[in-house]
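Undergrad: A single structure is presented below for examination.
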Amino acid sequence: MSGQMENDEWILATLEKAMEKGRDVLCEGAVANYIPELAKANPSNLGVCIRTSDGRTYETGDFDIPFTMQSISKTFSLILALQTAGYEYLFSKVGMEPTGDRFDSILQLELKDMRPFNPMINAGAIVTAGCVRAANPFQAFLDLVRRLCGNPKIHLNEKVYMSEKSTGTRNRSIAYLLKSVGVLDGEPEDVLDVYFRMCSVMVTARDLANYALILSCGGVDPATGERLLDPQIVKVVTTLMMLCGMYDESGEYAVKIGLPSKSGVGGGIVAVGEGGYGIGVFGPRLNKKGNSVGGEAILKVLSDDFLLHTFAGVPNKLTGKS
Ligand code: GLN
């Protein structure tokens, strides 16, 4: 018992060290302002939460401040499209390859066959949202998010949604372009409305840690033993997170941190551990690629000190598994 307590103290001390590193680099990033409402975020916010399959939670800083998940929604809409439209259909519309381009790039669409490269970039996520088969796709999305984050209070931020809906001309051009070539299912404005809503759902770092924990456990909630997701779907989603989840920084991030992750311009990053743990971080100042600078700095310390890299080849220091 005292061994666990000592370990807990060391883990919490490491979290504080990671937060300090995160604070040190905040000045290198800036809050997103291309969606006007996002510019109102508090630039000094920073927080982290880790949850493990044996019920431990380590959290510090602004881990319970809600923010809009933005592109983290792309992982949930991918799950929903796989559940409702199926693997074959979805991947006839969108690929599985990293792009090396910005998250909102249009460039590759015409250069290739108009099929977006993957579901983790805007073009791919808009197509994926159009593939969701449900009477009310946004409600189905919200129900899924609430279940996987273990938080029934999760809700839409109306202001951010309206702000993006009224300014999202680039996403609009992507949707209309893809409609013109028959890649997008449904009416562009209807699909965009669902996409903008999905991006505007509020979560906390703690919610994200819970979600990551369930992915880490192959889709089973370790607290109840209930299976929430098909393991095949978990495999697809976490693999695409590893390959494409950090946009055109995915390669460098995989080398340095090595955890399947997804970021959003609201400042969140969700990171899936191996062997039963999940991490959520939050810091709205972003680097040039649109990823949280403070969040990445925190994850780098955690990855190094807890030996979390997926390919580290040694047991990690959070769960003792590899
Ligand atoms: N809602 C944002 C957009 O479509 C999401 C982008 C992101 O988080 N990178 O531009």
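Chains: A, B, ... in order of the structure tokens. Residues: from 1 per chain. Ligands: from 1, in order shown.
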With 7 Å as the cut-off and only C-alpha atoms and all ligand atoms counted, what is the closest atom pair between each nearby residue of chain A and ligand 1? Distances in Å to one decimal, ordered by chain and number, as a Markdown table.

TA:
| residue | atom | partner | partner_atom_place_in_ligand_line | distance |
| --- | --- | --- | --- | --- |
| A:Gln70 | CA | ligand 1 | 8 (O) | 4.2 |
| A:Ser71 | CA | ligand 1 | 8 (O) | 3.6 |
| A:Ile72 | CA | ligand 1 | 8 (O) | 6.8 |
| A:Phe103 | CA | ligand 1 | 9 (N) | 5.8 |
| A:Asp104 | CA | ligand 1 | 10 (O) | 6.4 |
| A:Asn122 | CA | ligand 1 | 4 (O) | 5.7 |
| A:Glu164 | CA | ligand 1 | 1 (N) | 7.0 |
| A:Asn171 | CA | ligand 1 | 4 (O) | 6.3 |
| A:Phe196 | CA | ligand 1 | 1 (N) | 6.1 |
| A:Cys199 | CA | ligand 1 | 1 (N) | 5.0 |
| A:Ser263 | CA | ligand 1 | 8 (O) | 6.6 |
| A:Gly264 | CA | ligand 1 | 8 (O) | 3.5 |
| A:Val265 | CA | ligand 1 | 8 (O) | 3.8 |
| A:Gly266 | CA | ligand 1 | 8 (O) | 6.4 |
| A:Gly290 | CA | ligand 1 | 9 (N) | 6.0 |

Undergrad: If you run DSSP on the backbone, which residues of stretch 18-263 of chain A are strand (DSSP E), as a list in words?

TA: Ala30, Val31, Gly47, Val48, Cys49, Ile50, Arg51, Thr52, Thr57, Tyr58, Glu59, Thr60, Gly61, Phe67, Thr68, Met202, Val203, Ser261, Lys262 and Ser263 of chain A

Undergrad: Would you put the residues from that selection into a file with all heavy atoms, as a tab-separated table (two decimals), in the first residue's frame?

TA:
chain	number	residue	atom	x	y	z
A	30	ALA	N	-0.32	30.68	-29.73
A	30	ALA	CA	-1.39	31.69	-29.73
A	30	ALA	C	-2.74	30.99	-29.81
A	30	ALA	O	-2.88	29.93	-30.44
A	30	ALA	CB	-1.21	32.62	-30.93
A	31	VAL	N	-3.73	31.62	-29.19
A	31	VAL	CA	-5.09	31.09	-29.21
A	31	VAL	C	-5.65	31.21	-30.63
A	31	VAL	O	-5.40	32.21	-31.32
A	31	VAL	CB	-5.95	31.91	-28.20
A	31	VAL	CG1	-7.43	31.60	-28.36
A	31	VAL	CG2	-5.49	31.61	-26.78
A	47	GLY	N	-4.03	22.35	-18.23
A	47	GLY	CA	-4.42	21.29	-17.30
A	47	GLY	C	-4.19	19.92	-17.88
A	47	GLY	O	-4.01	19.76	-19.09
A	48	VAL	N	-4.18	18.94	-17.00
A	48	VAL	CA	-3.93	17.55	-17.43
A	48	VAL	C	-4.66	16.59	-16.50
A	48	VAL	O	-4.80	16.85	-15.31
A	48	VAL	CB	-2.40	17.24	-17.46
A	48	VAL	CG1	-1.73	17.58	-16.15
A	48	VAL	CG2	-2.12	15.78	-17.82
A	49	CYS	N	-5.12	15.49	-17.07
A	49	CYS	CA	-5.73	14.42	-16.27
A	49	CYS	C	-5.30	13.07	-16.84
A	49	CYS	O	-5.26	12.88	-18.05
A	49	CYS	CB	-7.26	14.54	-16.32
A	49	CYS	SG	-8.11	13.17	-15.48
A	50	ILE	N	-4.95	12.17	-15.94
A	50	ILE	CA	-4.63	10.78	-16.32
A	50	ILE	C	-5.58	9.86	-15.56
A	50	ILE	O	-5.78	10.04	-14.35
A	50	ILE	CB	-3.18	10.39	-15.92
A	50	ILE	CG1	-2.16	11.35	-16.51
A	50	ILE	CG2	-2.86	8.95	-16.32
A	50	ILE	CD1	-0.71	11.07	-16.08
A	51	ARG	N	-6.15	8.89	-16.26
A	51	ARG	CA	-6.98	7.88	-15.58
A	51	ARG	C	-6.45	6.50	-15.93
A	51	ARG	O	-6.07	6.24	-17.08
A	51	ARG	CB	-8.43	7.98	-16.02
A	51	ARG	CG	-9.02	9.33	-15.72
A	51	ARG	CD	-10.53	9.27	-15.70
A	51	ARG	NE	-10.95	9.33	-14.31
A	51	ARG	CZ	-12.19	9.61	-13.92
A	51	ARG	NH1	-13.14	9.81	-14.81
A	51	ARG	NH2	-12.49	9.67	-12.65
A	52	THR	N	-6.45	5.61	-14.95
A	52	THR	CA	-5.93	4.25	-15.20
A	52	THR	C	-7.06	3.23	-15.03
A	52	THR	O	-8.07	3.50	-14.37
A	52	THR	CB	-4.79	3.90	-14.21
A	52	THR	OG1	-5.34	3.85	-12.89
A	52	THR	CG2	-3.66	4.91	-14.27
A	57	THR	N	-6.86	8.22	-10.59
A	57	THR	CA	-6.95	9.46	-11.38
A	57	THR	C	-5.91	10.42	-10.84
A	57	THR	O	-5.79	10.61	-9.63
A	57	THR	CB	-8.35	10.11	-11.21
A	57	THR	OG1	-9.33	9.20	-11.69
A	57	THR	CG2	-8.46	11.40	-12.01
A	58	TYR	N	-5.13	10.99	-11.75
A	58	TYR	CA	-4.14	12.01	-11.39
A	58	TYR	C	-4.46	13.24	-12.22
A	58	TYR	O	-4.53	13.16	-13.45
A	58	TYR	CB	-2.72	11.54	-11.72
A	58	TYR	CG	-2.37	10.20	-11.12
A	58	TYR	CD1	-2.46	9.04	-11.88
A	58	TYR	CD2	-1.96	10.09	-9.79
A	58	TYR	CE1	-2.16	7.80	-11.35
A	58	TYR	CE2	-1.64	8.86	-9.25
A	58	TYR	CZ	-1.74	7.72	-10.03
A	58	TYR	OH	-1.44	6.49	-9.49
A	59	GLU	N	-4.68	14.37	-11.58
A	59	GLU	CA	-5.06	15.55	-12.36
A	59	GLU	C	-4.56	16.82	-11.67
A	59	GLU	O	-4.43	16.86	-10.45
A	59	GLU	CB	-6.58	15.60	-12.58
A	59	GLU	CG	-7.40	15.39	-11.33
A	59	GLU	CD	-8.86	15.02	-11.61
A	59	GLU	OE1	-9.22	14.67	-12.76
A	59	GLU	OE2	-9.65	15.10	-10.66
A	60	THR	N	-4.29	17.81	-12.50
A	60	THR	CA	-3.83	19.08	-11.94
A	60	THR	C	-4.09	20.22	-12.93
A	60	THR	O	-4.35	19.98	-14.10
A	60	THR	CB	-2.31	18.99	-11.56
A	60	THR	OG1	-1.93	20.21	-10.93
A	60	THR	CG2	-1.43	18.79	-12.78
A	61	GLY	N	-4.05	21.43	-12.42
A	61	GLY	CA	-4.30	22.61	-13.27
A	61	GLY	C	-5.76	22.69	-13.68
A	61	GLY	O	-6.66	22.32	-12.91
A	67	PHE	N	-13.98	23.16	-22.66
A	67	PHE	CA	-13.57	23.85	-23.90
A	67	PHE	C	-14.19	23.07	-25.05
A	67	PHE	O	-14.60	21.90	-24.88
A	67	PHE	CB	-12.03	23.88	-24.01
A	67	PHE	CG	-11.41	22.52	-23.89
A	67	PHE	CD1	-11.15	21.75	-25.01
A	67	PHE	CD2	-11.10	21.98	-22.63
A	67	PHE	CE1	-10.61	20.48	-24.89
A	67	PHE	CE2	-10.56	20.71	-22.51
A	67	PHE	CZ	-10.31	19.96	-23.65
A	68	THR	N	-14.27	23.67	-26.23
A	68	THR	CA	-14.88	22.93	-27.33
A	68	THR	C	-13.88	21.94	-27.90
A	68	THR	O	-12.70	22.26	-28.08
A	68	THR	CB	-15.40	23.87	-28.44
A	68	THR	OG1	-14.35	24.70	-28.90
A	68	THR	CG2	-16.57	24.70	-27.95
A	202	MET	N	-18.61	20.72	-25.76
A	202	MET	CA	-17.65	21.06	-24.69
A	202	MET	C	-17.23	19.83	-23.88
A	202	MET	O	-18.10	19.06	-23.44
A	202	MET	CB	-18.32	22.02	-23.69
A	202	MET	CG	-18.97	23.22	-24.31
A	202	MET	SD	-17.84	24.58	-24.32
A	202	MET	CE	-18.06	25.18	-22.66
A	203	VAL	N	-15.94	19.71	-23.67
A	203	VAL	CA	-15.41	18.64	-22.82
A	203	VAL	C	-14.33	19.22	-21.90
A	203	VAL	O	-13.88	20.35	-22.11
A	203	VAL	CB	-14.78	17.49	-23.65
A	203	VAL	CG1	-15.83	16.67	-24.38
A	203	VAL	CG2	-13.72	18.02	-24.62
A	261	SER	N	-2.98	9.95	-30.64
A	261	SER	CA	-3.53	11.17	-30.04
A	261	SER	C	-4.37	11.92	-31.06
A	261	SER	O	-4.21	11.74	-32.26
A	261	SER	CB	-2.39	12.10	-29.58
A	261	SER	OG	-1.59	11.46	-28.61
A	262	LYS	N	-5.22	12.79	-30.56
A	262	LYS	CA	-5.96	13.70	-31.45
A	262	LYS	C	-6.05	15.05	-30.78
A	262	LYS	O	-6.38	15.15	-29.60
A	262	LYS	CB	-7.37	13.16	-31.72
A	262	LYS	CG	-8.15	14.01	-32.71
A	262	LYS	CD	-7.68	13.77	-34.13
A	262	LYS	CE	-7.99	14.93	-35.07
A	262	LYS	NZ	-6.99	16.00	-35.01
A	263	SER	N	-5.76	16.07	-31.58
A	263	SER	CA	-5.81	17.44	-31.06
A	263	SER	C	-7.01	18.17	-31.65
A	263	SER	O	-7.62	17.71	-32.61
A	263	SER	CB	-4.54	18.17	-31.48
A	263	SER	OG	-4.47	18.19	-32.90

Undergrad: If you count only C-alpha atoms, which residues fall within 9 Å of A:Val281, apart from same-chain ones fewer than 5 positions away, as an mmCIF file with all heavy atoms, in the first residue's frame?

TA:
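Final file, result_32.cif:
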data_model
loop_
_atom_site.group_PDB
_atom_site.id
_atom_site.type_symbol
_atom_site.label_atom_id
_atom_site.label_comp_id
_atom_site.auth_asym_id
_atom_site.auth_seq_id
_atom_site.Cartn_x
_atom_site.Cartn_y
_atom_site.Cartn_z
ATOM 1 N N LEU A 46 -4.233 25.806 -18.524
ATOM 2 C CA LEU A 46 -3.398 24.624 -18.751
ATOM 3 C C LEU A 46 -3.808 23.550 -17.747
ATOM 4 O O LEU A 46 -3.941 23.845 -16.556
ATOM 5 C CB LEU A 46 -1.916 24.977 -18.553
ATOM 6 C CG LEU A 46 -0.903 23.993 -19.112
ATOM 7 C CD1 LEU A 46 -0.987 23.894 -20.631
ATOM 8 C CD2 LEU A 46 0.512 24.403 -18.714
ATOM 9 N N GLY A 47 -4.027 22.355 -18.227
ATOM 10 C CA GLY A 47 -4.423 21.292 -17.297
ATOM 11 C C GLY A 47 -4.187 19.922 -17.878
ATOM 12 O O GLY A 47 -4.014 19.761 -19.089
ATOM 13 N N VAL A 48 -4.178 18.939 -17.000
ATOM 14 C CA VAL A 48 -3.926 17.547 -17.433
ATOM 15 C C VAL A 48 -4.659 16.588 -16.504
ATOM 16 O O VAL A 48 -4.798 16.854 -15.306
ATOM 17 C CB VAL A 48 -2.402 17.245 -17.462
ATOM 18 C CG1 VAL A 48 -1.730 17.584 -16.154
ATOM 19 C CG2 VAL A 48 -2.116 15.775 -17.824
ATOM 20 N N CYS A 49 -5.117 15.487 -17.068
ATOM 21 C CA CYS A 49 -5.733 14.423 -16.271
ATOM 22 C C CYS A 49 -5.297 13.075 -16.835
ATOM 23 O O CYS A 49 -5.255 12.882 -18.051
ATOM 24 C CB CYS A 49 -7.258 14.536 -16.324
ATOM 25 S SG CYS A 49 -8.108 13.170 -15.484
ATOM 26 N N ILE A 50 -4.950 12.168 -15.943
ATOM 27 C CA ILE A 50 -4.627 10.779 -16.319
ATOM 28 C C ILE A 50 -5.578 9.857 -15.559
ATOM 29 O O ILE A 50 -5.775 10.036 -14.352
ATOM 30 C CB ILE A 50 -3.181 10.391 -15.917
ATOM 31 C CG1 ILE A 50 -2.165 11.354 -16.514
ATOM 32 C CG2 ILE A 50 -2.861 8.947 -16.322
ATOM 33 C CD1 ILE A 50 -0.711 11.068 -16.080
ATOM 34 N N ASP A 62 -5.992 23.115 -14.925
ATOM 35 C CA ASP A 62 -7.359 23.381 -15.394
ATOM 36 C C ASP A 62 -7.988 22.142 -16.024
ATOM 37 O O ASP A 62 -8.558 22.223 -17.121
ATOM 38 C CB ASP A 62 -7.318 24.537 -16.407
ATOM 39 C CG ASP A 62 -6.753 25.800 -15.766
ATOM 40 O OD1 ASP A 62 -7.133 26.098 -14.623
ATOM 41 O OD2 ASP A 62 -5.923 26.471 -16.409
ATOM 42 N N PHE A 63 -7.911 21.033 -15.313
ATOM 43 C CA PHE A 63 -8.415 19.774 -15.879
ATOM 44 C C PHE A 63 -9.933 19.726 -15.943
ATOM 45 O O PHE A 63 -10.490 18.879 -16.624
ATOM 46 C CB PHE A 63 -7.894 18.579 -15.065
ATOM 47 C CG PHE A 63 -8.368 18.604 -13.637
ATOM 48 C CD1 PHE A 63 -9.598 18.083 -13.303
ATOM 49 C CD2 PHE A 63 -7.588 19.184 -12.653
ATOM 50 C CE1 PHE A 63 -10.046 18.133 -11.992
ATOM 51 C CE2 PHE A 63 -8.024 19.239 -11.342
ATOM 52 C CZ PHE A 63 -9.262 18.713 -11.015
ATOM 53 N N THR A 204 -13.908 18.418 -20.942
ATOM 54 C CA THR A 204 -12.782 18.805 -20.090
ATOM 55 C C THR A 204 -11.645 17.798 -20.322
ATOM 56 O O THR A 204 -11.862 16.730 -20.913
ATOM 57 C CB THR A 204 -13.163 18.744 -18.601
ATOM 58 O OG1 THR A 204 -13.478 17.372 -18.290
ATOM 59 C CG2 THR A 204 -14.351 19.629 -18.273
ATOM 60 N N ALA A 205 -10.474 18.130 -19.801
ATOM 61 C CA ALA A 205 -9.345 17.184 -19.894
ATOM 62 C C ALA A 205 -9.715 15.869 -19.201
ATOM 63 O O ALA A 205 -9.323 14.790 -19.645
ATOM 64 C CB ALA A 205 -8.091 17.799 -19.265
ATOM 65 N N ARG A 206 -10.507 15.962 -18.144
ATOM 66 C CA ARG A 206 -10.907 14.740 -17.429
ATOM 67 C C ARG A 206 -11.813 13.871 -18.308
ATOM 68 O O ARG A 206 -11.681 12.650 -18.349
ATOM 69 C CB ARG A 206 -11.605 15.104 -16.125
ATOM 70 C CG ARG A 206 -11.948 13.888 -15.293
ATOM 71 C CD ARG A 206 -12.875 14.238 -14.180
ATOM 72 N NE ARG A 206 -12.174 14.805 -13.037
ATOM 73 C CZ ARG A 206 -12.806 15.469 -12.063
ATOM 74 N NH1 ARG A 206 -14.104 15.675 -12.112
ATOM 75 N NH2 ARG A 206 -12.120 15.952 -11.045
ATOM 76 N N LEU A 208 -11.764 13.754 -21.500
ATOM 77 C CA LEU A 208 -10.922 13.162 -22.548
ATOM 78 C C LEU A 208 -10.100 11.989 -22.000
ATOM 79 O O LEU A 208 -9.885 10.991 -22.686
ATOM 80 C CB LEU A 208 -9.990 14.216 -23.150
ATOM 81 C CG LEU A 208 -10.664 15.331 -23.950
ATOM 82 C CD1 LEU A 208 -9.628 16.313 -24.490
ATOM 83 C CD2 LEU A 208 -11.497 14.759 -25.109
ATOM 84 N N ALA A 209 -9.645 12.125 -20.749
ATOM 85 C CA ALA A 209 -8.868 11.030 -20.137
ATOM 86 C C ALA A 209 -9.741 9.783 -20.022
ATOM 87 O O ALA A 209 -9.285 8.659 -20.250
ATOM 88 C CB ALA A 209 -8.340 11.452 -18.774
ATOM 89 N N GLY A 267 -7.729 23.546 -28.103
ATOM 90 C CA GLY A 267 -6.602 23.399 -27.172
ATOM 91 C C GLY A 267 -6.527 22.050 -26.484
ATOM 92 O O GLY A 267 -5.650 21.821 -25.659
ATOM 93 N N GLY A 268 -7.424 21.150 -26.831
ATOM 94 C CA GLY A 268 -7.399 19.832 -26.194
ATOM 95 C C GLY A 268 -6.545 18.851 -26.961
ATOM 96 O O GLY A 268 -6.372 18.980 -28.179
ATOM 97 N N ILE A 269 -5.988 17.878 -26.234
ATOM 98 C CA ILE A 269 -5.366 16.706 -26.864
ATOM 99 C C ILE A 269 -5.806 15.485 -26.050
ATOM 100 O O ILE A 269 -5.735 15.495 -24.817
ATOM 101 C CB ILE A 269 -3.821 16.761 -26.878
ATOM 102 C CG1 ILE A 269 -3.299 18.023 -27.583
ATOM 103 C CG2 ILE A 269 -3.243 15.511 -27.559
ATOM 104 C CD1 ILE A 269 -1.764 18.177 -27.548
ATOM 105 N N VAL A 270 -6.262 14.460 -26.761
ATOM 106 C CA VAL A 270 -6.582 13.193 -26.103
ATOM 107 C C VAL A 270 -5.511 12.197 -26.517
ATOM 108 O O VAL A 270 -5.158 12.108 -27.692
ATOM 109 C CB VAL A 270 -8.013 12.717 -26.466
ATOM 110 C CG1 VAL A 270 -8.221 12.541 -27.962
ATOM 111 C CG2 VAL A 270 -8.361 11.418 -25.745
ATOM 112 N N ALA A 271 -4.932 11.482 -25.545
ATOM 113 C CA ALA A 271 -3.827 10.552 -25.828
ATOM 114 C C ALA A 271 -4.149 9.189 -25.226
ATOM 115 O O ALA A 271 -4.471 9.077 -24.033
ATOM 116 C CB ALA A 271 -2.519 11.098 -25.246
ATOM 117 N N SER A 292 -1.969 22.171 -29.362
ATOM 118 C CA SER A 292 -1.696 22.862 -28.099
ATOM 119 C C SER A 292 -0.206 22.815 -27.748
ATOM 120 O O SER A 292 0.359 21.719 -27.593
ATOM 121 C CB SER A 292 -2.511 22.193 -26.979
ATOM 122 O OG SER A 292 -2.119 22.677 -25.721
ATOM 123 N N GLY A 294 1.298 23.992 -24.945
ATOM 124 C CA GLY A 294 1.467 23.564 -23.549
ATOM 125 C C GLY A 294 1.126 22.089 -23.401
ATOM 126 O O GLY A 294 1.815 21.341 -22.693
ATOM 127 N N GLY A 295 0.068 21.673 -24.092
ATOM 128 C CA GLY A 295 -0.365 20.269 -24.028
ATOM 129 C C GLY A 295 0.710 19.331 -24.534
ATOM 130 O O GLY A 295 1.000 18.301 -23.914
ATOM 131 N N GLU A 296 1.329 19.711 -25.624
ATOM 132 C CA GLU A 296 2.394 18.850 -26.171
ATOM 133 C C GLU A 296 3.590 18.788 -25.221
ATOM 134 O O GLU A 296 4.198 17.734 -25.049
ATOM 135 C CB GLU A 296 2.860 19.362 -27.539
ATOM 136 C CG GLU A 296 1.911 18.984 -28.651
ATOM 137 C CD GLU A 296 2.515 19.194 -30.034
ATOM 138 O OE1 GLU A 296 3.692 19.581 -30.143
ATOM 139 O OE2 GLU A 296 1.782 18.973 -31.004
ATOM 140 N N ILE A 298 3.546 19.081 -22.012
ATOM 141 C CA ILE A 298 3.166 18.206 -20.886
ATOM 142 C C ILE A 298 3.299 16.744 -21.297
ATOM 143 O O ILE A 298 3.909 15.923 -20.596
ATOM 144 C CB ILE A 298 1.715 18.516 -20.442
ATOM 145 C CG1 ILE A 298 1.637 19.878 -19.758
ATOM 146 C CG2 ILE A 298 1.173 17.415 -19.517
ATOM 147 C CD1 ILE A 298 0.228 20.330 -19.404
ATOM 148 N N LEU A 299 2.751 16.424 -22.461
ATOM 149 C CA LEU A 299 2.778 15.020 -22.905
ATOM 150 C C LEU A 299 4.200 14.515 -23.139
ATOM 151 O O LEU A 299 4.496 13.341 -22.912
ATOM 152 C CB LEU A 299 1.936 14.869 -24.178
ATOM 153 C CG LEU A 299 0.424 14.898 -23.901
ATOM 154 C CD1 LEU A 299 -0.361 15.197 -25.169
ATOM 155 C CD2 LEU A 299 -0.039 13.582 -23.289
#

Undergrad: In Å, with one decimal, what is the gap from atom CA of A:Thr99 to atom CA of A:Gly283?

TA: 25.0 Å

Undergrad: Which one of A:Asn42, A:Thr128, A:Asn7, A:Ser105 sits closest to A:Val194 if you count only C-alpha atoms?

TA: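 Comparing A:Asn42, A:Thr128, A:Asn7, A:Ser105 against A:Val194, the winner is A:Thr128.
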
Undergrad: In terms of the shortest atom-to-atom distance over only C-alpha atoms, which of A:Pro315, A:Gly273, A:Phe282, A:Glu6 is closest to A:Arg23?

TA: A:Phe282

Undergrad: For the structure I just gave you, how does DSSP split stretch 13-232 of chain A - specifically, which residues are alpha helix (DSSP H)? Reply as a PyMOL selection string.

TA: chain A and resi 13-25+73-84+87-93+107-111+122-131+137-149+158-167+169-180+188-199+205-216+231-232
